[in-house]
Structure formats: C-alpha cells, structure tokens
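Asks: Structure file model15.cif (mmCIF, C-alpha atoms) is given on the next line.
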data_model
loop_
_atom_site.label_atom_id
_atom_site.label_comp_id
_atom_site.auth_asym_id
_atom_site.auth_seq_id
_atom_site.Cartn_x
_atom_site.Cartn_y
_atom_site.Cartn_z
CA MET A 1 191.35 -93.34 -149.55
CA LYS A 2 193.84 -95.85 -148.11
CA ARG A 3 196.42 -95.09 -145.52
CA THR A 4 199.32 -94.85 -147.93
CA GLY A 5 200.87 -91.44 -147.20
CA GLN A 6 201.14 -88.68 -144.63
CA SER A 7 198.60 -86.36 -146.23
CA PRO A 8 195.67 -88.83 -146.49
CA TRP A 9 196.33 -89.91 -142.90
CA GLN A 10 196.11 -86.34 -141.70
CA SER A 11 192.97 -85.71 -143.72
CA THR A 12 191.39 -88.85 -142.27
CA ILE A 13 192.14 -87.68 -138.76
CA LEU A 14 190.85 -84.20 -139.57
CA ILE A 15 187.64 -85.43 -141.12
CA PHE A 16 186.93 -87.73 -138.19
CA PHE A 17 187.62 -84.93 -135.76
CA PHE A 18 185.49 -82.44 -137.68
CA ILE A 19 182.47 -84.71 -138.03
CA SER A 20 182.56 -85.99 -134.48
CA PHE A 21 183.06 -82.41 -133.26
CA PHE A 22 180.04 -81.30 -135.27
CA VAL A 23 177.87 -84.10 -133.86
CA GLY A 24 179.12 -83.42 -130.32
CA PHE A 25 178.49 -79.71 -130.72
CA LEU A 26 174.85 -80.24 -131.71
CA LEU A 27 174.11 -82.86 -129.03
CA PRO A 28 173.77 -80.53 -125.98
CA GLY A 29 171.55 -78.10 -127.90
CA GLN A 30 169.33 -80.94 -129.05
CA ALA A 31 169.19 -82.43 -125.54
CA ARG A 32 168.23 -79.03 -124.13
CA VAL A 33 165.42 -78.53 -126.65
CA VAL A 34 164.04 -82.02 -125.97
CA ARG A 35 164.16 -81.36 -122.22
CA GLU A 36 162.34 -78.05 -122.65
CA MET A 37 159.74 -79.64 -124.91
CA LYS A 38 158.95 -82.26 -122.29
CA GLN A 39 158.02 -79.47 -119.89
CA THR A 40 155.42 -77.93 -122.20
CA TYR A 41 151.79 -78.98 -122.09
CA GLN A 42 151.84 -80.01 -125.75
CA ASN A 43 154.08 -82.92 -124.94
CA GLN A 44 152.41 -84.06 -121.73
CA ASP A 45 150.51 -87.28 -121.34
CA PRO A 46 146.78 -86.58 -122.00
CA LYS A 47 145.88 -88.41 -118.75
CA ASP A 48 148.12 -86.05 -116.77
CA LEU A 49 146.62 -83.06 -118.55
CA ILE A 50 143.09 -84.24 -117.76
CA ARG A 51 144.04 -84.57 -114.09
CA VAL A 52 145.60 -81.09 -114.10
CA ILE A 53 142.48 -79.63 -115.72
CA LYS A 54 140.22 -81.35 -113.17
CA ASP A 55 142.35 -80.04 -110.31
CA LEU A 56 142.22 -76.53 -111.74
CA GLN A 57 138.45 -76.73 -112.16
CA GLN A 58 138.08 -77.84 -108.54
CA ARG A 59 140.34 -75.01 -107.43
CA LYS A 60 138.33 -72.54 -109.47
CA GLN A 61 135.14 -73.84 -107.83
CA ASP A 62 136.67 -73.46 -104.36
CA LEU A 63 137.81 -69.93 -105.16
CA LEU A 64 134.32 -69.00 -106.39
CA VAL A 65 132.81 -70.25 -103.12
CA GLU A 66 135.43 -68.30 -101.16
CA GLU A 67 134.72 -65.19 -103.21
CA THR A 68 130.99 -65.50 -102.46
CA ASP A 69 131.71 -65.82 -98.71
CA VAL A 70 134.00 -62.82 -98.72
CA SER A 71 131.47 -60.77 -100.70
CA GLN A 72 128.79 -61.59 -98.13
CA LYS A 73 131.07 -60.53 -95.31
CA VAL A 74 131.88 -57.26 -97.07
CA THR A 75 128.17 -56.61 -97.47
CA GLN A 76 127.58 -57.32 -93.77
CA TYR A 77 130.38 -54.96 -92.76
CA LEU A 78 129.05 -52.26 -95.04
CA ARG A 79 125.57 -52.62 -93.55
CA ALA A 80 126.99 -52.59 -90.03
CA SER A 81 128.98 -49.45 -90.78
CA ASP A 82 125.75 -47.65 -91.70
CA ASP A 83 124.27 -48.46 -88.30
CA THR A 84 125.35 -45.83 -85.75
CA ALA A 85 124.19 -47.86 -82.75
CA ALA A 86 126.27 -50.81 -83.90
CA GLN A 87 129.27 -48.51 -84.31
CA VAL A 88 128.84 -47.16 -80.78
CA SER A 89 128.49 -50.67 -79.37
CA GLN A 90 131.60 -51.80 -81.24
CA LEU A 91 133.60 -48.82 -79.99
CA GLN A 92 132.44 -49.40 -76.41
CA HIS A 93 133.52 -53.02 -76.64
CA GLU A 94 136.93 -51.99 -77.97
CA ALA A 95 137.25 -49.38 -75.20
CA THR A 96 136.46 -52.02 -72.58
CA VAL A 97 139.05 -54.41 -73.97
CA LEU A 98 141.66 -51.66 -74.14
CA SER A 99 140.98 -50.47 -70.59
CA GLN A 100 141.36 -54.06 -69.36
CA ARG A 101 144.63 -54.42 -71.20
CA THR A 102 146.04 -51.16 -69.97
CA GLY A 103 144.98 -51.89 -66.40
CA ALA A 104 142.63 -48.94 -66.12
CA VAL A 105 139.83 -50.97 -64.53
CA PRO A 106 140.00 -53.64 -61.86
CA LEU A 107 139.02 -57.11 -62.92
CA ALA A 108 137.66 -60.12 -61.12
CA GLY A 109 136.94 -63.62 -62.30
CA PRO A 110 138.09 -67.21 -62.32
CA GLY A 111 141.76 -67.84 -62.91
CA ILE A 112 144.87 -69.63 -61.80
CA ARG A 113 147.43 -68.84 -59.16
CA ILE A 114 151.02 -70.00 -59.57
CA THR A 115 153.28 -69.88 -56.54
CA ILE A 116 156.97 -69.99 -57.36
CA ARG A 117 159.58 -70.72 -54.71
CA GLU A 118 163.29 -70.94 -55.40
CA GLN A 119 165.87 -72.68 -53.23
CA SER A 120 168.20 -69.84 -52.39
CA SER A 121 170.03 -71.83 -49.73
CA GLY A 122 171.54 -75.30 -49.47
CA VAL A 123 174.28 -77.09 -51.35
CA SER A 124 173.09 -76.16 -54.82
CA PRO A 125 170.73 -73.19 -54.81
CA SER A 126 168.38 -72.65 -57.73
CA MET A 127 167.27 -69.24 -58.93
CA LEU A 128 164.48 -68.11 -61.17
CA ALA A 129 166.02 -66.52 -64.26
CA ASP A 130 164.61 -63.69 -66.39
CA GLU A 131 163.93 -66.07 -69.26
CA ASP A 132 161.97 -68.47 -66.96
CA LEU A 133 159.77 -65.63 -65.87
CA LEU A 134 159.25 -64.33 -69.40
CA LEU A 135 158.48 -67.84 -70.66
CA LEU A 136 155.89 -68.29 -67.91
CA LEU A 137 154.22 -64.95 -68.66
CA ASN A 138 154.25 -65.49 -72.42
CA ASP A 139 152.74 -68.95 -71.99
CA LEU A 140 150.00 -67.47 -69.84
CA TRP A 141 149.20 -64.72 -72.38
CA ALA A 142 149.30 -67.27 -75.20
CA SER A 143 146.93 -69.66 -73.43
CA GLY A 144 144.26 -67.07 -72.84
CA ALA A 145 145.17 -64.94 -69.81
CA GLU A 146 143.33 -61.61 -69.83
CA VAL A 147 145.02 -60.01 -66.84
CA ILE A 148 148.13 -61.05 -64.94
CA SER A 149 149.61 -59.81 -61.69
CA LEU A 150 152.90 -60.59 -59.97
CA ASN A 151 152.67 -60.40 -56.20
CA GLY A 152 149.68 -58.11 -56.66
CA ILE A 153 151.39 -55.83 -59.20
CA ARG A 154 149.29 -55.76 -62.33
CA LEU A 155 150.96 -56.23 -65.70
CA SER A 156 149.99 -54.21 -68.74
CA ASP A 157 150.94 -54.61 -72.40
CA SER A 158 154.05 -52.50 -71.88
CA SER A 159 155.20 -53.77 -68.46
CA SER A 160 158.81 -54.84 -68.14
CA VAL A 161 159.63 -57.79 -65.87
CA TYR A 162 163.14 -58.81 -64.90
CA ARG A 163 165.28 -60.01 -62.02
CA ALA A 164 167.27 -57.39 -60.17
CA GLY A 165 169.51 -59.35 -57.84
CA LEU A 166 167.30 -61.18 -55.37
CA ASN A 167 164.37 -58.91 -56.25
CA VAL A 168 161.99 -58.96 -59.16
CA ARG A 169 161.32 -55.65 -60.84
CA VAL A 170 157.84 -55.25 -62.41
CA GLY A 171 157.61 -51.99 -64.30
CA GLY A 172 158.59 -49.33 -61.78
CA LYS A 173 157.88 -51.48 -58.72
CA VAL A 174 160.03 -53.98 -56.90
CA THR A 175 158.90 -57.22 -55.30
CA ARG A 176 160.62 -60.25 -53.77
CA MET A 177 160.46 -64.01 -53.99
CA PRO A 178 158.42 -66.14 -53.49
CA LEU A 179 156.43 -65.02 -56.46
CA VAL A 180 152.66 -65.37 -56.68
CA VAL A 181 151.41 -65.04 -60.23
CA ASP A 182 147.67 -64.49 -60.60
CA ALA A 183 146.09 -64.79 -64.03
CA ILE A 184 142.41 -64.21 -64.85
CA GLY A 185 141.08 -65.88 -67.98
CA ASP A 186 140.18 -69.27 -69.34
CA THR A 187 141.26 -71.44 -66.41
CA GLU A 188 141.32 -74.73 -68.30
CA ASN A 189 143.27 -73.35 -71.24
CA MET A 190 145.83 -71.64 -69.05
CA SER A 191 146.30 -74.73 -66.91
CA LYS A 192 146.77 -76.95 -69.98
CA GLY A 193 149.05 -74.39 -71.61
CA LEU A 194 151.39 -74.44 -68.65
CA GLN A 195 151.42 -78.22 -68.36
CA ILE A 196 152.42 -78.93 -71.96
CA PRO A 197 155.24 -81.54 -71.91
CA GLY A 198 158.52 -79.68 -72.23
CA GLY A 199 156.76 -76.42 -71.30
CA VAL A 200 157.53 -73.89 -68.61
CA LEU A 201 156.50 -76.06 -65.63
CA ASP A 202 158.75 -78.92 -66.81
CA LEU A 203 161.57 -76.41 -67.23
CA LEU A 204 161.09 -75.06 -63.70
CA ASN A 205 160.95 -78.58 -62.23
CA LEU A 206 164.12 -79.46 -64.10
CA ARG A 207 165.84 -76.50 -62.50
CA ARG A 208 164.42 -77.46 -59.07
CA ILE A 209 162.30 -74.34 -58.81
CA GLY A 210 159.05 -75.15 -57.08
CA ALA A 211 155.90 -74.05 -58.94
CA ILE A 212 152.44 -74.81 -57.58
CA VAL A 213 149.48 -74.20 -59.86
CA GLN A 214 146.06 -73.70 -58.29
CA LYS A 215 142.73 -73.02 -59.93
CA VAL A 216 140.90 -70.20 -58.16
CA ASN A 217 137.20 -69.50 -58.63
CA LEU A 218 137.47 -65.79 -58.02
CA LEU A 219 140.56 -63.72 -58.40
CA ARG A 220 140.56 -59.96 -58.09
CA ILE A 221 143.25 -57.90 -59.78
CA SER A 222 143.22 -54.13 -59.38
CA ASP A 223 145.72 -51.39 -60.23
CA MET B 1 194.18 -93.48 -133.16
CA VAL B 2 191.01 -92.73 -135.13
CA GLY B 3 188.87 -93.85 -132.19
CA PHE B 4 190.82 -91.54 -129.91
CA VAL B 5 190.43 -88.59 -132.31
CA THR B 6 186.70 -89.32 -132.63
CA VAL B 7 186.22 -89.37 -128.87
CA CYS B 8 188.30 -86.18 -128.56
CA GLY B 9 186.23 -84.50 -131.26
CA LEU B 10 182.99 -85.53 -129.55
CA VAL B 11 184.17 -84.40 -126.13
CA VAL B 12 185.45 -81.04 -127.42
CA GLY B 13 182.22 -80.58 -129.37
CA ILE B 14 180.06 -81.41 -126.35
CA ILE B 15 182.07 -79.07 -124.11
CA ILE B 16 181.77 -76.19 -126.56
CA GLY B 17 178.12 -77.09 -127.16
CA VAL B 18 177.44 -76.94 -123.42
CA LEU B 19 179.34 -73.69 -122.95
CA ARG B 20 177.92 -72.00 -126.07
CA PRO B 21 174.70 -73.93 -126.78
CA VAL B 22 173.36 -73.69 -130.30
CA HIS B 23 169.69 -72.71 -130.45
CA ILE B 24 167.62 -75.35 -132.22
CA PRO B 25 163.96 -74.35 -132.83
CA ALA B 26 161.61 -76.82 -131.16
CA VAL B 27 159.78 -77.56 -134.44
CA TYR B 28 163.00 -78.78 -136.03
CA SER B 29 164.29 -80.72 -133.04
CA LYS B 30 162.90 -84.03 -134.31
CA TYR B 31 164.70 -83.64 -137.64
CA VAL B 32 167.93 -82.55 -135.98
CA GLY B 33 167.70 -85.61 -133.73
CA LEU B 34 167.37 -87.84 -136.78
CA ALA B 35 170.30 -86.08 -138.47
CA LEU B 36 172.41 -86.60 -135.34
CA LEU B 37 171.49 -90.27 -135.30
CA ALA B 38 172.58 -90.57 -138.92
CA GLY B 39 175.76 -88.66 -138.07
CA MET B 40 176.62 -91.05 -135.25
CA ASP B 41 175.93 -93.98 -137.54
CA SER B 42 178.32 -92.48 -140.12
CA ILE B 43 181.05 -91.99 -137.52
CA LEU B 44 180.77 -95.61 -136.39
CA GLY B 45 180.73 -96.72 -140.03
CA GLY B 46 183.87 -94.67 -140.65
CA ILE B 47 185.68 -96.22 -137.71
CA LYS B 48 184.66 -99.66 -138.88
CA GLY B 49 185.93 -98.91 -142.41
CA TYR B 50 189.19 -97.56 -141.04
CA LEU B 51 189.78 -100.65 -138.91
CA LYS B 52 189.00 -102.94 -141.85
CA ASP B 53 191.20 -100.89 -144.21
CA THR B 54 188.27 -99.98 -146.43
CA PHE B 55 187.99 -96.36 -145.32
CA ASP B 56 187.36 -93.74 -147.96
CA ALA B 57 187.19 -90.13 -146.79
CA THR B 58 184.95 -89.03 -149.68
CA VAL B 59 182.47 -91.82 -149.04
CA PHE B 60 182.61 -91.10 -145.32
CA PHE B 61 182.00 -87.37 -145.65
CA SER B 62 179.34 -87.69 -148.35
CA GLY B 63 177.67 -90.48 -146.37
CA PHE B 64 177.57 -88.27 -143.30
CA LEU B 65 176.01 -85.37 -145.22
CA ILE B 66 173.56 -87.34 -147.33
CA ASN B 67 172.45 -89.72 -144.57
CA SER B 68 171.84 -86.82 -142.18
CA LEU B 69 169.91 -84.85 -144.77
CA VAL B 70 167.88 -87.82 -145.93
CA ALA B 71 167.03 -88.80 -142.36
CA ALA B 72 165.84 -85.27 -141.61
CA LEU B 73 163.92 -85.06 -144.89
CA LEU B 74 162.35 -88.45 -144.25
CA GLY B 75 161.11 -87.23 -140.90
CA TYR B 76 159.76 -84.04 -142.47
CA LEU B 77 158.08 -85.94 -145.30
CA GLY B 78 156.50 -88.34 -142.82
CA ASP B 79 155.09 -85.41 -140.86
CA GLN B 80 153.64 -83.89 -144.02
CA LEU B 81 152.03 -87.18 -145.04
CA GLY B 82 150.88 -88.08 -141.57
CA ILE B 83 153.03 -91.21 -141.47
CA ASP B 84 155.69 -91.94 -138.88
CA LEU B 85 158.39 -92.26 -141.56
CA TYR B 86 161.05 -91.14 -139.12
CA LEU B 87 160.68 -94.53 -137.48
CA ALA B 88 162.20 -96.07 -140.62
CA ALA B 89 165.32 -93.93 -140.17
CA VAL B 90 165.44 -94.69 -136.45
CA VAL B 91 165.23 -98.44 -137.06
CA VAL B 92 167.74 -98.46 -139.94
CA PHE B 93 170.35 -96.24 -138.28
CA GLY B 94 169.82 -97.78 -134.88
CA SER B 95 170.34 -101.33 -136.10
CA ARG B 96 173.32 -100.26 -138.23
CA MET B 97 174.91 -98.63 -135.22
CA TYR B 98 174.56 -101.89 -133.30
CA GLN B 99 176.08 -103.81 -136.20
CA ASN B 100 178.96 -101.39 -136.59
CA ILE B 101 179.70 -101.46 -132.86
CA ALA B 102 179.70 -105.26 -132.97
CA ILE B 103 182.10 -105.30 -135.94
CA ILE B 104 184.42 -102.71 -134.33
CA ARG B 105 184.47 -104.78 -131.16
CA ARG B 106 185.35 -107.95 -133.06
CA VAL B 107 188.11 -106.25 -135.07
CA LEU B 108 189.62 -104.73 -131.93
CA LEU B 109 189.48 -108.08 -130.13
CA LYS B 110 191.21 -109.81 -133.06
CA LYS B 111 193.92 -107.14 -133.12
CA GLU B 112 194.47 -107.55 -129.41
CA ALA B 113 194.79 -111.29 -129.86
#
Could you rewrite the structure in this file as structure tokens?
Replies:
Amino acid sequence: MKRTGQSPWQSTILIFFFISFFVGFLLPGQARVVREMKQTYQNQDPKDLIRVIKDLQQRKQDLLVEETDVSQKVTQYLRASDDTAAQVSQLQHEATVLSQRTGAVPLAGPGIRITIREQSSGVSPSMLADEDLLLLLNDLWASGAEVISLNGIRLSDSSSVYRAGLNVRVGGKVTRMPLVVDAIGDTENMSKGLQIPGGVLDLLNLRRIGAIVQKVNLLRISD
Amino acid sequence: MVGFVTVCGLVVGIIIGVLRPVHIPAVYSKYVGLALLAGMDSILGGIKGYLKDTFDATVFFSGFLINSLVAALLGYLGDQLGIDLYLAAVVVFGSRMYQNIAIIRRVLLKKEA
C-alpha cells in the first residue's frame, strides 16, 4: 500500500496507532507479572534459597531451645505453686518490698547524699526548677535507689515533688533550700547514674546550681 | 508523522495499561513477552518500510499477527520439548530490531541532509 491517496494514508496512520497502542497496552501488565514472578520462591536463585532454608532451620533450632527453657520454667513455677511454704515466703518477700516502697517501715543502709545549693542572690541568681528536681529523682530511682528522702521527708511511689516559690513541697509537707537528698540503695550504681555525661549533675552545673554528691556508709530514712 | 503516531500510540497504550492493567497469567507471561518482542519488531519494520516507501499495510498487519503468534507458539513448543526454543525468537527479533533501528536512523539522517 503506497502513499498515493488520502484513504491509504489514514489507514496507515490508524494501523500504526492501533498496533503500537496494543503493544503499549500490554507492556505494563507484562512488566507487572514479571516483577511479581521475581518475588516468588520459584524464580529465586537456588543459592539464595539454600541460604534462606539454612537460616530458617537455625531459627527453628533456636526456637526449640527457647521452648524447652520456657517449658522448664513453667514446670518449676507449677511445682513452686504447690509448695505452701514457698508461697508464704514469696508473699512475705513481696510484703516487705511493698512496705519499703510505701514507706511503712524505716530503712537503713549504705547510700548517697546529694546536697543542692542554689544561688538566690548576686547578679544572676540560679534556681532549682521542678524539672531539675524530677530529673534528679528519676535518675536516682532508675539507677537503683530503694528509698529516697528530701530534707528528711521520705518519698513514696505516689509522692508529689514541686517548687512552691522559694519552698519545695514534698507531698503534704513543705521544706526549704538547701536541699539534702538521701538515697539508700546500690551506692556505686546511683553515683555512676548521676555522673553520666549530659546527665542531671552536668545540667545542674550548667545552670550554676551547686550539687555535692557524697557516699555514706549508713543512712537512716524513717517516716 | 508515522514515528510520531507510533510513539503516541505507545504512550497512550502504556498510560491506559498502567491505569487499567490487563491481567496476564504468570504461566503465559513468557509467551506474551515473546509476542510483545515480535510486535515491537513489526512496528520498527513498519516504520522502516514507510520511510523507504515500501510500506504495505496488509503485510505489516499480518506480519504483526503471525510473528507474534509464531513467537509465542515457538516458546510454548520449546517448553513442551524441553528445549529453549524461545531463545531463537529472542535472537531473531532482537537482532532484527537492531537492524531496523540502524536503517531508520540512516534514512532519517539522509533526509535531514
């Protein structure tokens, strides 16, 4: 068919358009199927599949070991639950821990004492903020403090601590600066926890609030 | 003009194909791929014929249909016989596409000159 008239020219254009449209229309579908096929295991490299299978076998082995451990623990717990004396001992231990936390019993032991002094006078006074105090207390709890007191006022799990003007309010009681924080617990851990670079002591130094940390062999915290 | 229409047809087809993708079963994807290769070879052959004033619509259309079908059937037959016969179609159509592109390029360069 030569380009001699209007009609053959139009049919040439149409046929080119139709065929190229048809090919173009099928291309995305074909590309999608090929992409999906590459993601199935049937089309993976055997070496990759062998590695995957080995990994899965190792994982299965690990899970079996874990299952055995957990089963042994369950058995131990079941045996312990049959033993009344063990139950009583466990409950007594829990009661002791709870009474310590709630402040029902006085405690004594090694700990650390932090003395905090703020510069309330001078050209640029510095003041201890609520968040400094909370950060200090949270760091102490996190690094192993069992009991904490602020100027002799013992903190419990539900104590609120905040600044009230120049005073510091601890629960229902009011105290003043300077603040002496006593904490009984793992002395080394607490000391390290406070001295972490960028931690609460660095923050207090940065704000020119004096904080002296002392290790004390025997601290006594009562109600 | 024909080149422009071909590109337009391809682009429109791809756009519609992306927006409303046709579902091709995975088992037939190899044969459809071969048929598409034959189709692209036919399009390039058609453009070459048009530029050299030897274009025949009947030959073009029948070539498109038969080549696509034969390529797909060759692939299927190869699978049945356990021979990679589809490689024959890939080599033939692939090399012809290269040749046709080279000829189209030369003709266009001569026309420009």
Asks: Which one of B:Leu19, B:Leu36, B:Ile104, B:Leu51 sits closest to chain A if you count all atoms listed in the file?
Replies: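 Closest residue, counting all atoms listed in the file: B:Leu36.
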Asks: Mind telling me what the PyMOL selection byres ((chain A) within 10 of (chain B)) catches here, as a PyMOL selection string?
Replies: chain A and resi 1-3+8-9+11-34+36-37
Asks: Kindly give the distance, in Å, that separates CA of Glu131 (chain A) and CA of Arg163 (chain A), rounded to a single decimal.
Replies: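 Interatomic distance here is 9.5 Å.
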Asks: For the file shown, report as a count of residues only the outcome of the PyMOL selection byres ((chain A and resi 207) around 12) at residue level.
Replies: 21
Asks: Between CA of Ile148 (chain A) and CA of Ser160 (chain A), what is the distance in Å, rounded to a tenth?
Replies: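 One can read the CA of Ile148 (chain A) to CA of Ser160 (chain A) distance as 12.8 Å.
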Asks: Considering all atoms listed in the file, return as a list in words whatever protein or nucleic-acid residues lie within 9 Å of Ala71 (chain B), sequence-local ones (same chain, fewer than 3 positions apart) excluded.
Replies: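 Once the adjacent positions are removed, what remains is Tyr31, Val32, Leu34, Ala35, Leu37, Ala38, Ile66, Asn67, Ser68, Leu74, Gly75, Tyr76, Tyr86, Ala88, Ala89 and Val90 of chain B.
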Asks: Mind pulling up the distance from CA of Ile153 (chain A) to CA of Lys173 (chain A)?
Replies: 7.8 Å
Asks: Using only C-alpha atoms, which residue out of A:Gly171, A:Gly185, A:Gly152, A:Gly144 lies closest to Gly109 (chain A)?
Replies: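 The answer is A:Gly185, which sits nearest to Gly109 (chain A).
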Asks: Just the residues within 8 Å of Val213 (chain A), please, counting all atoms listed in the file, with nothing from its chain fewer than 6 positions along; format it as number ranges by chain.
Replies: A: 112-115, 191
Asks: Starting from the displayed file, determine the output of the PyMOL selection byres ((chain A and resi 179) around 9) and express the residue list as a PDB file with C-alpha atoms, in the coordinates of the input.
Replies:
ATOM      1  CA  ILE A 114     151.020 -70.000 -59.570  1.00  0.00           C
ATOM      2  CA  THR A 115     153.280 -69.880 -56.540  1.00  0.00           C
ATOM      3  CA  ILE A 116     156.970 -69.990 -57.360  1.00  0.00           C
ATOM      4  CA  ARG A 117     159.580 -70.720 -54.710  1.00  0.00           C
ATOM      5  CA  LEU A 150     152.900 -60.590 -59.970  1.00  0.00           C
ATOM      6  CA  ASN A 151     152.670 -60.400 -56.200  1.00  0.00           C
ATOM      7  CA  VAL A 168     161.990 -58.960 -59.160  1.00  0.00           C
ATOM      8  CA  THR A 175     158.900 -57.220 -55.300  1.00  0.00           C
ATOM      9  CA  ARG A 176     160.620 -60.250 -53.770  1.00  0.00           C
ATOM     10  CA  MET A 177     160.460 -64.010 -53.990  1.00  0.00           C
ATOM     11  CA  PRO A 178     158.420 -66.140 -53.490  1.00  0.00           C
ATOM     12  CA  VAL A 180     152.660 -65.370 -56.680  1.00  0.00           C
ATOM     13  CA  VAL A 181     151.410 -65.040 -60.230  1.00  0.00           C
TER      14      VAL A 181
END
Asks: Dig up all the protein and nucleic acid residues within 7 Å of (138.5, -61.8, -57.8) in the file frame, using all atoms listed in the file, and format them as a CSV table (one decimal) with C-alpha atoms, keeping the file's coordinate frame.
Replies:
chain,number,residue,atom,x,y,z
A,107,LEU,CA,139.0,-57.1,-62.9
A,108,ALA,CA,137.7,-60.1,-61.1
A,109,GLY,CA,136.9,-63.6,-62.3
A,218,LEU,CA,137.5,-65.8,-58.0
A,219,LEU,CA,140.6,-63.7,-58.4
A,220,ARG,CA,140.6,-60.0,-58.1
A,221,ILE,CA,143.2,-57.9,-59.8
Asks: Need to verify the contact set: Gly45 (chain B), 8 Å, only C-alpha atoms, exclusion of same-chain residues closer than 3 positions in sequence. Can you return it as a list in words?
Replies: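 Residues meeting the cut-off are Asp41, Ser42, Lys48, Gly49, Phe60, Met97 and Asn100 of chain B.
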Asks: Once 6 Å is added on each side, what centre and edge lengths in Å to one decimal does the axis-aligned box around all listed atoms of region 95-107 of chain B have, as lines of an AutoDock Vina configuration file?
Replies:
center_x = 179.2
center_y = -103.3
center_z = -134.7
size_x = 29.8
size_y = 21.3
size_z = 19.1
Asks: Choose the residue, out of A:Val174, A:Met190, A:Leu91, A:Ala86, that has the smallest atom-to-atom separation from Leu140 (chain A); count only C-alpha atoms.
Replies: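 Using only C-alpha atoms, the shortest distance to Leu140 (chain A) belongs to A:Met190.
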Asks: Rebuild region 197-219 of chain A to N, CA and C atoms - output it as an mmCIF file, keeping the file's coordinate frame, please.
Replies:
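Below is the file selection.cif, written as the result:
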data_model
loop_
_atom_site.group_PDB
_atom_site.id
_atom_site.type_symbol
_atom_site.label_atom_id
_atom_site.label_comp_id
_atom_site.auth_asym_id
_atom_site.auth_seq_id
_atom_site.Cartn_x
_atom_site.Cartn_y
_atom_site.Cartn_z
ATOM 1 N N PRO A 197 153.939 -80.884 -72.117
ATOM 2 C CA PRO A 197 155.240 -81.540 -71.910
ATOM 3 C C PRO A 197 156.376 -80.723 -72.527
ATOM 4 N N GLY A 198 157.388 -80.476 -71.749
ATOM 5 C CA GLY A 198 158.520 -79.680 -72.230
ATOM 6 C C GLY A 198 158.264 -78.190 -72.078
ATOM 7 N N GLY A 199 157.130 -77.825 -71.457
ATOM 8 C CA GLY A 199 156.760 -76.420 -71.300
ATOM 9 C C GLY A 199 157.444 -75.798 -70.089
ATOM 10 N N VAL A 200 156.866 -74.677 -69.656
ATOM 11 C CA VAL A 200 157.530 -73.890 -68.610
ATOM 12 C C VAL A 200 157.572 -74.622 -67.258
ATOM 13 N N LEU A 201 156.492 -75.362 -66.916
ATOM 14 C CA LEU A 201 156.500 -76.060 -65.630
ATOM 15 C C LEU A 201 157.565 -77.157 -65.604
ATOM 16 N N ASP A 202 157.703 -77.888 -66.717
ATOM 17 C CA ASP A 202 158.750 -78.920 -66.810
ATOM 18 C C ASP A 202 160.133 -78.274 -66.654
ATOM 19 N N LEU A 203 160.268 -77.107 -67.296
ATOM 20 C CA LEU A 203 161.570 -76.410 -67.230
ATOM 21 C C LEU A 203 161.896 -75.996 -65.793
ATOM 22 N N LEU A 204 160.873 -75.489 -65.082
ATOM 23 C CA LEU A 204 161.090 -75.060 -63.700
ATOM 24 C C LEU A 204 161.410 -76.260 -62.799
ATOM 25 N N ASN A 205 160.678 -77.370 -63.009
ATOM 26 C CA ASN A 205 160.950 -78.580 -62.230
ATOM 27 C C ASN A 205 162.369 -79.071 -62.457
ATOM 28 N N LEU A 206 162.769 -79.009 -63.733
ATOM 29 C CA LEU A 206 164.120 -79.460 -64.100
ATOM 30 C C LEU A 206 165.178 -78.645 -63.360
ATOM 31 N N ARG A 207 164.875 -77.383 -63.178
ATOM 32 C CA ARG A 207 165.840 -76.500 -62.500
ATOM 33 C C ARG A 207 165.594 -76.426 -60.991
ATOM 34 N N ARG A 208 164.736 -77.331 -60.508
ATOM 35 C CA ARG A 208 164.420 -77.460 -59.070
ATOM 36 C C ARG A 208 163.860 -76.172 -58.494
ATOM 37 N N ILE A 209 163.007 -75.517 -59.310
ATOM 38 C CA ILE A 209 162.300 -74.340 -58.810
ATOM 39 C C ILE A 209 160.846 -74.784 -58.594
ATOM 40 N N GLY A 210 160.387 -74.671 -57.394
ATOM 41 C CA GLY A 210 159.050 -75.150 -57.080
ATOM 42 C C GLY A 210 157.982 -74.243 -57.664
ATOM 43 N N ALA A 211 157.011 -74.835 -58.379
ATOM 44 C CA ALA A 211 155.900 -74.050 -58.940
ATOM 45 C C ALA A 211 154.611 -74.809 -58.676
ATOM 46 N N ILE A 212 153.716 -74.175 -57.907
ATOM 47 C CA ILE A 212 152.440 -74.810 -57.580
ATOM 48 C C ILE A 212 151.335 -74.054 -58.321
ATOM 49 N N VAL A 213 150.559 -74.819 -59.087
ATOM 50 C CA VAL A 213 149.480 -74.200 -59.860
ATOM 51 C C VAL A 213 148.150 -74.530 -59.200
ATOM 52 N N GLN A 214 147.373 -73.495 -58.915
ATOM 53 C CA GLN A 214 146.060 -73.700 -58.290
ATOM 54 C C GLN A 214 145.002 -73.005 -59.134
ATOM 55 N N LYS A 215 143.858 -73.675 -59.262
ATOM 56 C CA LYS A 215 142.730 -73.020 -59.930
ATOM 57 C C LYS A 215 141.927 -72.272 -58.862
ATOM 58 N N VAL A 216 141.625 -71.024 -59.140
ATOM 59 C CA VAL A 216 140.900 -70.200 -58.160
ATOM 60 C C VAL A 216 139.610 -69.718 -58.817
ATOM 61 N N ASN A 217 138.509 -69.863 -58.056
ATOM 62 C CA ASN A 217 137.200 -69.500 -58.630
ATOM 63 C C ASN A 217 137.046 -67.995 -58.832
ATOM 64 N N LEU A 218 137.610 -67.243 -57.887
ATOM 65 C CA LEU A 218 137.470 -65.790 -58.020
ATOM 66 C C LEU A 218 138.772 -65.099 -57.644
ATOM 67 N N LEU A 219 139.344 -64.512 -58.631
ATOM 68 C CA LEU A 219 140.560 -63.720 -58.400
ATOM 69 C C LEU A 219 140.205 -62.258 -58.643
#
